[in-house]
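Let me begin by presenting the structure, written as C-alpha cells, before commenting on it.
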Amino acid sequence: MVRQLSTFKPYVGALAIAVIAWLAFTLPDHPDAIGLQAFLRLPLEWPLMMLLLLVVPRSLRRPLALLCGLVLLLILFLKAADIGTQAAFQRPFNPYLDIKMLADGWNLMSGTVGTLVAFAGVAAALIGLLLILMLFLRAARWFAEIPRPGRSWFILALAGAILFGGIAMFLNALRVEARMPSYLSKRLALVIKSIEDMHVFETALATGTGPRAGAGLFGRLQNKDFVLIFVESYGRSAVEDPRYAGVTRPRLEGVQAEAERAGLVSASAWVTSPTVGGLSWLAHGTLLSGLWVDSQARYDRLMISQQPSLNRLFAEAGWKSIAAMPAITMDWPEAAYYGYRQVLAAADLDYRGKPFNWVTMPDQYTLAAFERLGREPARAAGERVMAEVALISSHAPWTPVARLIDWDAVGDGQVFNAQAESGDLPRVVWADPERVRSQYIQTIDYSLETLGSYMARFGKDTVFVILGDHQPAAIITGRNASRAVPIHVVSADRELVARFERQGFVSGMLPAAQTREWPMNEMRQVLIDLFSAP
C-alpha cells in the first residue's frame with residue numbers, strides 16, 4: 001500500500017503545482033475582472049515553469065523550486081493587494097508607497113470589525129500564504145521524483161503545450177498569454193517612477209509655493225474667525241449621481257435657506273482631491289501646504305519640510321490655530337508641521353458617549369466640543385481663531401447613522417448612546433451593496449444637516465470653508481468617477497463671498513455641473529489672495 005501511494009506522489013505533486021501556478025498566473029488584478037472567464041486561458045508561464053522543474057539537473061531542483069515558489073507567492077500577494085487597492089482607491093498596489101500604510105489599514109480594520117476579528121483575518125492570510133509556499137515546495141519535490149518513462153511523457157507534453165501555445169498566441173487564435181513578465185516589469189517601473197516622483201517633490205519643496213510667512217496676510221478677515229471643515233467622503237458623486245442627488249441636493253438647498261435666515265450667504269465650486277476612497281490626510285496636506293500630496297511618501301516628506309502650512313500662516317498673522325480631530329486616537333507627531341496652538345484629538349474632545357463603530361463620535365458632538373473647548377476660551381481671551389475641523393460621521397462603515405439633536409442637549413455625549421447602539425452591524429450592512437450605498441448617503445445627509453444647523457447657530461463673525469476630503473470608494477461611486485469634491489464658502493460678509501463668485505464660484509450651496517474646478521493644492525493660494533487683498 002505504501003509503495004502504491006509513493007507511486008502516485010509525483011503525479012499528486014504535478015497536480016498541486018499546476019493548480020497553484022494556474023491560480024497565480026490567471027488570478028485577475030482587479031475586482032471587476034474576477035469571474036470564470038478570467039481563468040479560462042492558457043498562461044505560457046505555467047507549462048514553462050513545470051518544464052524547468054523537470055529538466056534542470058538534480059542539484060538545482062531545490063533552489064529552482066524555492067525560487068519558483070517565492071515568485072508565485074509574490075505574484076499572489078501583488079494581485080491580492082491590487083484587488084484591495086483597486087476596490088478602495090481605484091489604483092494598483094504600489095509597494096514603494098503603500099507598504100507604509102499597513103498600520104493605518106490595521107487601525108481602520110480593527111476599528112471596524114474589532115481587534116480579535118482583524119487579527120484573525122490577518123493571521124489567516126499570512127498562514128495561508130505560508131501554507132501555499134510549503135505545499136508548493138513539497139509538491140515540487142514529489143514532482144521531481146517522476147520515474148523516467150513518465151518524465152519523458154511529461155516533458156513532451158509540456159514542450160508541446162509551450163509550442164502550441166506560442167503558435168496560438170502568434171496567430172491570436174486562442175486565449176494564450178504570457179502576462180507575468182509584463183506584469184512584474186510594470187510593477188518595477190511603477191516603483192522606479194515613484195522614486196523619481198519623490199525627487200520632483202523635493203524640488204517643489206525646495207522652491208516652495210506661496211508666501212513663506214504669515215505677517216500681513218488675511219487682513220480682509222479683520223476680526224473674523226476662519227473655520228475650515230473637511231467632510232469625510234463628501235464627493236461630487238454625492239451631489240450629481242442620480243442615486244444620491246435626490247437626498248443631497250434638497251439638503252444643500254435646505255442648508256442654504258437655513259444659512260440665509262441666519263444672515264449668511266454662500267458660494268460653491270469644485271476642487272480635485274489628490275486621493276479617493278481614503279487617506280484623508282493627503283487631502284488635508286495638499287490644501288494646507290499648496291503642494292500636490294498624492295502619496296504617503298510625499299506626505300511623510302512634507303511633514304519634515306519648511307513649507308509653511310495655511311494654519312501656520314494664520315498663526316503668524318495673529319490667529320489662534322486650532323485642530324479638532326476626532327479620528328486621532330494615538331500620538332500625532334504630524335501636528336508639529338501644521339503649527340497648531342491647540343490640538344483637540346479624540347481624547348481631548350472629552351466625549352463620554354459610545355463610539356459609532358469606527359467613528360469615535362458624531363459630528364454634532366465634535367462641533368459642539370470645538371465651540372466649548374476651542375472657540376469660547378479663545379474669544380474670552382480676545383483671540384481670533386483659525387480652526388481645521390475634520391468631520392467623520394460619513395466615514396465607512398456608515399453604520400449606525402447619527403441623528404441631529406438639540407444643541408443644548410449635547411452635553412458630554414452620553415445622550416448619543418442610544419443612537420450608537422442602533423442599526424445593523426457592519427457585516428450585515430456590507431453584505432448588500434445597495435444597503436451600503438443607502439447608508440453612505442444617509443451619513444452625508446446627516447453631516448450636511450448638522451453643518452447647516454451649526455453655522456446658523458455659531459456663524460456670527462465667522463468665515464466657513466467646507467469641502468469634502470475625497471470621493472468614497474468605487475462601491476459607492478462606480479468606476480472612473482470624478483475625483484472632484486464640493487467646496488462651499490459661507491459668511492455674513494457678502495462682499496467677501498462675492499469675491500469668490502468673481503473667481504468662478506457660483507452663488508449658493510449647489511455647485512453646477514460646469515462650475516469651475518481647481519486642483520486642491522491651488523485652492524490654498526485662492527484663499528490667501530481673497531482673504532488678504534484689501
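Each chain of the C-alpha cells is named A, B, ... in the order shown, its residues numbered from 1; ligands are numbered from 1 in display order.
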
Could the residues of stretch 192-269 of chain A that have an atom at most 10 Å from stretch 390-413 of chain A be listed as JSON lines, each with its closest atom pair and the distance in Å to one decimal, counting only C-alpha atoms and ordered by chain and ascending residue number?
```
{"residue": "A:Leu228", "atom": "CA", "partner": "A:Ala390", "partner_atom": "CA", "distance": 8.6}
{"residue": "A:Ile229", "atom": "CA", "partner": "A:Ala390", "partner_atom": "CA", "distance": 5.9}
{"residue": "A:Phe230", "atom": "CA", "partner": "A:Ala390", "partner_atom": "CA", "distance": 4.9}
{"residue": "A:Val231", "atom": "CA", "partner": "A:Leu391", "partner_atom": "CA", "distance": 5.1}
{"residue": "A:Glu232", "atom": "CA", "partner": "A:Ile392", "partner_atom": "CA", "distance": 5.3}
{"residue": "A:Ser233", "atom": "CA", "partner": "A:Ser394", "partner_atom": "CA", "distance": 6.4}
{"residue": "A:Tyr234", "atom": "CA", "partner": "A:Ser394", "partner_atom": "CA", "distance": 7.8}
```

| message | If we count only C-alpha atoms and set the cut-off at 12 Å, which residues sit around A:Trp22, ignoring sequence neighbours fewer than 2 positions away in its own chain? Please answer as a list of chain:residue names. | response |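 Once the nearby chain positions are removed, what remains is A:Ala14, A:Leu15, A:Ala16, A:Ile17, A:Ala18, A:Val19, A:Ile20, A:Ala24, A:Phe25, A:Thr26, A:Leu27, A:Pro28, A:Ala38, A:Phe39, A:Leu40, A:Arg41, A:Leu42, A:Pro43, A:Leu44, A:Glu45, A:Trp46, A:Pro47, A:Leu48, A:Met49, A:Met50, A:Leu72, A:Ile75, A:Leu76, A:Met180.
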
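Closest approach to A:Leu510 among A:Ala380, A:Met198, A:Val485, A:Asp300 is made by A:Val485 (distances from only C-alpha atoms).
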
| task | Would you list, as an MDAnalysis selection string, the residues of stretch 152-331 of chain A that end up in strand (DSSP E) under DSSP run on this structure's backbone? | result | chainID A and resid 176:177 225:231 265:272 320:325

| task | One decimal, Å: what's the distance from atom CA of A:Ile83 over to atom CA of A:Arg187, could you say? | result | 14.3 Å

| query | So which residues touch A:Gly263 within 10 Å, counting only C-alpha atoms, skipping near sequence neighbours fewer than 3 positions away, as number ranges by chain? | reply | A: 257-260, 456, 459-460, 491-494

Selected residues, C-alpha atoms, written as a tab-separated table (two decimals), in the first residue's frame, please.
```
chain	number	residue	atom	x	y	z
A	257	ALA	CA	-32.06	78.54	3.26
A	258	GLU	CA	-31.14	77.99	6.91
A	259	ALA	CA	-27.92	79.96	6.48
A	260	GLU	CA	-29.75	82.83	4.76
A	456	ALA	CA	-26.82	79.14	11.68
A	459	GLY	CA	-21.73	81.56	12.47
A	460	LYS	CA	-21.51	85.10	13.82
A	491	SER	CA	-20.15	84.02	5.72
A	492	ALA	CA	-22.20	87.05	6.67
A	493	ASP	CA	-19.63	89.13	4.74
A	494	ARG	CA	-21.40	89.40	1.38
```

| Distance atom CA of A:Asp424-atom CA of A:Ala238, one decimal place? | 22.6 Å

| task | For stretch 240-248 of chain A, list every protein, DNA or RNA residue within 8 Å, evaluated using only C-alpha atoms, and leave out those in the same chain fewer than 4 positions away; present the list as a PyMOL selection string. | result | chain A and resi 236+252+441+444-445+477

| request: Excluding A:Leu302 and residues on its chain fewer than 5 positions from it, collect all residues at most 12 Å away from it, counting only C-alpha atoms, and give them as an MDAnalysis selection string. | output: chainID A and resid 198 201:206 208 281:282 284:286 288:297 307:309 334:338

| request: Figure out the distance between atom CA of A:Pro519 and atom CA of A:Val255, please, to one decimal in Å. | output: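 Separation of atom CA of A:Val255 and atom CA of A:Pro519: 25.5 Å.
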
| field | Closest of A:His30, A:Arg212, A:Lys224, A:Arg352 to A:Thr85 - atom-to-atom distances counting only C-alpha atoms | value |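 Residue with the minimum atom-to-atom distance to A:Thr85: A:His30.
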